[in-house]
Amino acid sequence: MNTLTVSVVTPDGPVLEDSFEMVSCKAESGELGVLPGHIPLVAPLSISAVRLKGENPQRIALSGGFLEVRPDKVTILAQSAERPDDIDIERARAAKERAERRLQAKQDEIDFRRAELALKRALNRIDVIENK
């Protein structure tokens with residue numbers, strides 16, 4: 001079967017470079033599925049998991065970024081990207097609880113948007129680990 005070369009890169013360096021049959025991710029405009037031969041595309045990504053399907057399927061937790069699609073290559077430029085083995089589940093659960101407390105506190109000095117994003121990132125990490 002045809003494959004795509006998939007690269008996931010963060011400011012800290014490359015996270016993944018491998019071949020897959022399909023890439024599924026969540027762009028700000030909605031869910032995207034990319035197969036070999038897809039038309040060129042650039043899209044901003046939401047905080048979500050990217051699902052890579054092939055001989056060795058994988059999920060990677062992304063904290064936003066951009067997706068660039070070419071017919072034979074997909075490049076994901078992410079603010080952060082974590083494989084399930086790199087995620088500390090206890091730390092993710094603690095971050096989730098902390099963000100939930102901040103959202104429930106309803107204090108003026110709390111930056112609600114920041115707490116909402118922290119909650120989304122924590123839930124995304126937990127989801128990637130629990131659904132390897």
# chains A, B, ... in the order shown; residues from 1 in each chain; ligands from 1

$ select_by_dssp --residues "segment 8-131 of chain A" --states "alpha helix (DSSP H)" --output "ChimeraX atom specification"
/A:89-105,112-130

$ residues_around --residues "segment 17-26 of chain A" --least-positions-apart "5" --cutoff "8 Å" --atoms "only C-alpha atoms" --output "PDB file with N, CA, C and O atoms, in the first residue's frame"
ATOM      1  N   MET A   1       0.838  -1.189   0.000  1.00  0.00           N
ATOM      2  CA  MET A   1       0.000   0.000   0.000  1.00  0.00           C
ATOM      3  C   MET A   1       0.876   1.243   0.000  1.00  0.00           C
ATOM      4  O   MET A   1       1.965   1.248   0.554  1.00  0.00           O
ATOM      5  N   ASN A   2       0.399   2.309  -0.618  1.00  0.00           N
ATOM      6  CA  ASN A   2       1.130   3.576  -0.638  1.00  0.00           C
ATOM      7  C   ASN A   2       1.215   4.154   0.768  1.00  0.00           C
ATOM      8  O   ASN A   2       0.302   3.983   1.571  1.00  0.00           O
ATOM      9  N   THR A   3       2.301   4.858   1.014  1.00  0.00           N
ATOM     10  CA  THR A   3       2.473   5.473   2.327  1.00  0.00           C
ATOM     11  C   THR A   3       2.877   6.933   2.173  1.00  0.00           C
ATOM     12  O   THR A   3       3.293   7.378   1.108  1.00  0.00           O
ATOM     13  N   LEU A   4       2.738   7.634   3.284  1.00  0.00           N
ATOM     14  CA  LEU A   4       3.171   9.022   3.401  1.00  0.00           C
ATOM     15  C   LEU A   4       4.354   9.068   4.357  1.00  0.00           C
ATOM     16  O   LEU A   4       4.361   8.344   5.358  1.00  0.00           O
ATOM     17  N   THR A   5       5.316   9.918   4.079  1.00  0.00           N
ATOM     18  CA  THR A   5       6.362  10.186   5.051  1.00  0.00           C
ATOM     19  C   THR A   5       5.806  11.238   5.996  1.00  0.00           C
ATOM     20  O   THR A   5       5.346  12.289   5.559  1.00  0.00           O
ATOM     21  N   VAL A   6       5.819  10.942   7.278  1.00  0.00           N
ATOM     22  CA  VAL A   6       5.268  11.853   8.279  1.00  0.00           C
ATOM     23  C   VAL A   6       6.395  12.336   9.180  1.00  0.00           C
ATOM     24  O   VAL A   6       7.153  11.536   9.734  1.00  0.00           O
ATOM     25  N   SER A   7       6.491  13.664   9.306  1.00  0.00           N
ATOM     26  CA  SER A   7       7.474  14.288  10.203  1.00  0.00           C
ATOM     27  C   SER A   7       6.723  15.121  11.228  1.00  0.00           C
ATOM     28  O   SER A   7       5.864  15.920  10.862  1.00  0.00           O
ATOM     29  N   VAL A   8       7.053  14.922  12.497  1.00  0.00           N
ATOM     30  CA  VAL A   8       6.507  15.749  13.573  1.00  0.00           C
ATOM     31  C   VAL A   8       7.694  16.456  14.203  1.00  0.00           C
ATOM     32  O   VAL A   8       8.631  15.817  14.677  1.00  0.00           O
ATOM     33  N   GLU A  31     -12.052  17.952  11.652  1.00  0.00           N
ATOM     34  CA  GLU A  31     -11.233  16.741  11.543  1.00  0.00           C
ATOM     35  C   GLU A  31     -10.707  16.575  10.119  1.00  0.00           C
ATOM     36  O   GLU A  31     -11.433  16.788   9.150  1.00  0.00           O
ATOM     37  N   LEU A  32      -9.437  16.178   9.999  1.00  0.00           N
ATOM     38  CA  LEU A  32      -8.812  15.951   8.695  1.00  0.00           C
ATOM     39  C   LEU A  32      -8.270  14.527   8.611  1.00  0.00           C
ATOM     40  O   LEU A  32      -7.682  14.037   9.566  1.00  0.00           O
ATOM     41  N   GLY A  33      -8.466  13.914   7.465  1.00  0.00           N
ATOM     42  CA  GLY A  33      -7.853  12.635   7.177  1.00  0.00           C
ATOM     43  C   GLY A  33      -7.016  12.791   5.916  1.00  0.00           C
ATOM     44  O   GLY A  33      -7.497  13.325   4.921  1.00  0.00           O
ATOM     45  N   VAL A  34      -5.776  12.347   5.964  1.00  0.00           N
ATOM     46  CA  VAL A  34      -4.858  12.537   4.839  1.00  0.00           C
ATOM     47  C   VAL A  34      -4.336  11.175   4.389  1.00  0.00           C
ATOM     48  O   VAL A  34      -3.794  10.415   5.186  1.00  0.00           O
ATOM     49  N   LEU A  35      -4.503  10.905   3.108  1.00  0.00           N
ATOM     50  CA  LEU A  35      -3.989   9.692   2.484  1.00  0.00           C
ATOM     51  C   LEU A  35      -2.926  10.071   1.457  1.00  0.00           C
ATOM     52  O   LEU A  35      -2.852  11.233   1.039  1.00  0.00           O
ATOM     53  N   PRO A  36      -2.096   9.108   1.016  1.00  0.00           N
ATOM     54  CA  PRO A  36      -1.116   9.414  -0.024  1.00  0.00           C
ATOM     55  C   PRO A  36      -1.801  10.009  -1.254  1.00  0.00           C
ATOM     56  O   PRO A  36      -2.900   9.598  -1.637  1.00  0.00           O
ATOM     57  N   LEU A  45      -3.611  23.554  13.594  1.00  0.00           N
ATOM     58  CA  LEU A  45      -4.095  22.419  14.370  1.00  0.00           C
ATOM     59  C   LEU A  45      -4.567  22.846  15.752  1.00  0.00           C
ATOM     60  O   LEU A  45      -4.027  23.777  16.354  1.00  0.00           O
ATOM     61  N   SER A  46      -5.553  22.129  16.253  1.00  0.00           N
ATOM     62  CA  SER A  46      -6.062  22.326  17.605  1.00  0.00           C
ATOM     63  C   SER A  46      -5.273  21.451  18.574  1.00  0.00           C
ATOM     64  O   SER A  46      -4.554  20.545  18.165  1.00  0.00           O
ATOM     65  N   ILE A  47      -5.467  21.688  19.864  1.00  0.00           N
ATOM     66  CA  ILE A  47      -4.914  20.791  20.875  1.00  0.00           C
ATOM     67  C   ILE A  47      -5.664  19.476  20.720  1.00  0.00           C
ATOM     68  O   ILE A  47      -6.880  19.409  20.915  1.00  0.00           O
ATOM     69  N   SER A  48      -4.954  18.440  20.305  1.00  0.00           N
ATOM     70  CA  SER A  48      -5.595  17.145  20.039  1.00  0.00           C
ATOM     71  C   SER A  48      -4.523  16.088  19.816  1.00  0.00           C
ATOM     72  O   SER A  48      -3.336  16.377  19.852  1.00  0.00           O
ATOM     73  N   ALA A  49      -4.994  14.879  19.537  1.00  0.00           N
ATOM     74  CA  ALA A  49      -4.084  13.785  19.209  1.00  0.00           C
ATOM     75  C   ALA A  49      -4.041  13.624  17.702  1.00  0.00           C
ATOM     76  O   ALA A  49      -5.054  13.760  17.027  1.00  0.00           O
ATOM     77  N   VAL A  50      -2.866  13.333  17.179  1.00  0.00           N
ATOM     78  CA  VAL A  50      -2.749  12.962  15.773  1.00  0.00           C
ATOM     79  C   VAL A  50      -2.669  11.435  15.757  1.00  0.00           C
ATOM     80  O   VAL A  50      -1.967  10.823  16.563  1.00  0.00           O
ATOM     81  N   ARG A  51      -3.459  10.835  14.891  1.00  0.00           N
ATOM     82  CA  ARG A  51      -3.505   9.388  14.772  1.00  0.00           C
ATOM     83  C   ARG A  51      -2.807   8.987  13.479  1.00  0.00           C
ATOM     84  O   ARG A  51      -3.173   9.461  12.403  1.00  0.00           O
ATOM     85  N   LEU A  52      -1.828   8.135  13.605  1.00  0.00           N
ATOM     86  CA  LEU A  52      -1.027   7.695  12.465  1.00  0.00           C
ATOM     87  C   LEU A  52      -1.306   6.219  12.243  1.00  0.00           C
ATOM     88  O   LEU A  52      -1.055   5.391  13.122  1.00  0.00           O
ATOM     89  N   LYS A  53      -1.850   5.888  11.068  1.00  0.00           N
ATOM     90  CA  LYS A  53      -2.260   4.520  10.798  1.00  0.00           C
ATOM     91  C   LYS A  53      -1.302   3.879   9.810  1.00  0.00           C
ATOM     92  O   LYS A  53      -0.915   4.483   8.826  1.00  0.00           O
ATOM     93  N   GLY A  54      -0.948   2.635  10.104  1.00  0.00           N
ATOM     94  CA  GLY A  54      -0.029   1.880   9.264  1.00  0.00           C
ATOM     95  C   GLY A  54       0.333   0.583   9.953  1.00  0.00           C
ATOM     96  O   GLY A  54      -0.405   0.097  10.811  1.00  0.00           O
ATOM     97  N   GLU A  55       1.502   0.020   9.591  1.00  0.00           N
ATOM     98  CA  GLU A  55       1.959  -1.223  10.217  1.00  0.00           C
ATOM     99  C   GLU A  55       2.119  -1.063  11.719  1.00  0.00           C
ATOM    100  O   GLU A  55       1.832  -1.973  12.478  1.00  0.00           O
ATOM    101  N   PRO A  57       0.700   1.517  14.128  1.00  0.00           N
ATOM    102  CA  PRO A  57      -0.109   2.712  14.398  1.00  0.00           C
ATOM    103  C   PRO A  57       0.356   3.423  15.669  1.00  0.00           C
ATOM    104  O   PRO A  57       0.812   2.784  16.624  1.00  0.00           O
TER     105      PRO A  57
END

$ closest_residue --among "A:Leu62, A:Glu100, A:Pro40, A:Lys132" --to "Leu119 of chain A" --atoms "only C-alpha atoms"
A:Glu100

$ select_by_dssp --residues "chain A" --states "strand (DSSP E or B)" --output "PyMOL selection string"
chain A and resi 4-10+13-20+22-27+30-34+41-53+58-70+73-78+81-82

$ closest_residue --among "A:Val9, A:Leu123, A:Ala27, A:Leu16" --to "Leu77 of chain A" --atoms "only C-alpha atoms"
A:Val9

$ closest_residue --among "A:Pro44, A:Gly30, A:Asn124, A:Ile39" --to "Ala92 of chain A" --atoms "only C-alpha atoms"
A:Asn124

$ residues_around --residues "segment 110-118 of chain A" --least-positions-apart "2" --cutoff "12 Å" --atoms "only C-alpha atoms" --output "list in words"
Ser46, Ile47, Ser48, Ser63, Gly64, Ala92, Arg93, Ala94, Ala95, Lys96, Glu97, Arg98, Ala99, Glu100, Arg101, Arg102, Leu103, Gln104, Ala105, Lys106, Gln107, Asp108, Lys120, Arg121, Ala122, Leu123, Asn124 and Arg125 of chain A

$ atom_distance --atom1 "atom CA of Val128 of chain A" --atom2 "atom CA of Glu90 of chain A"
13.5 Å

$ atom_distance --atom1 "atom CA of Leu41 of chain A" --atom2 "atom CA of Ser29 of chain A"
12.7 Å
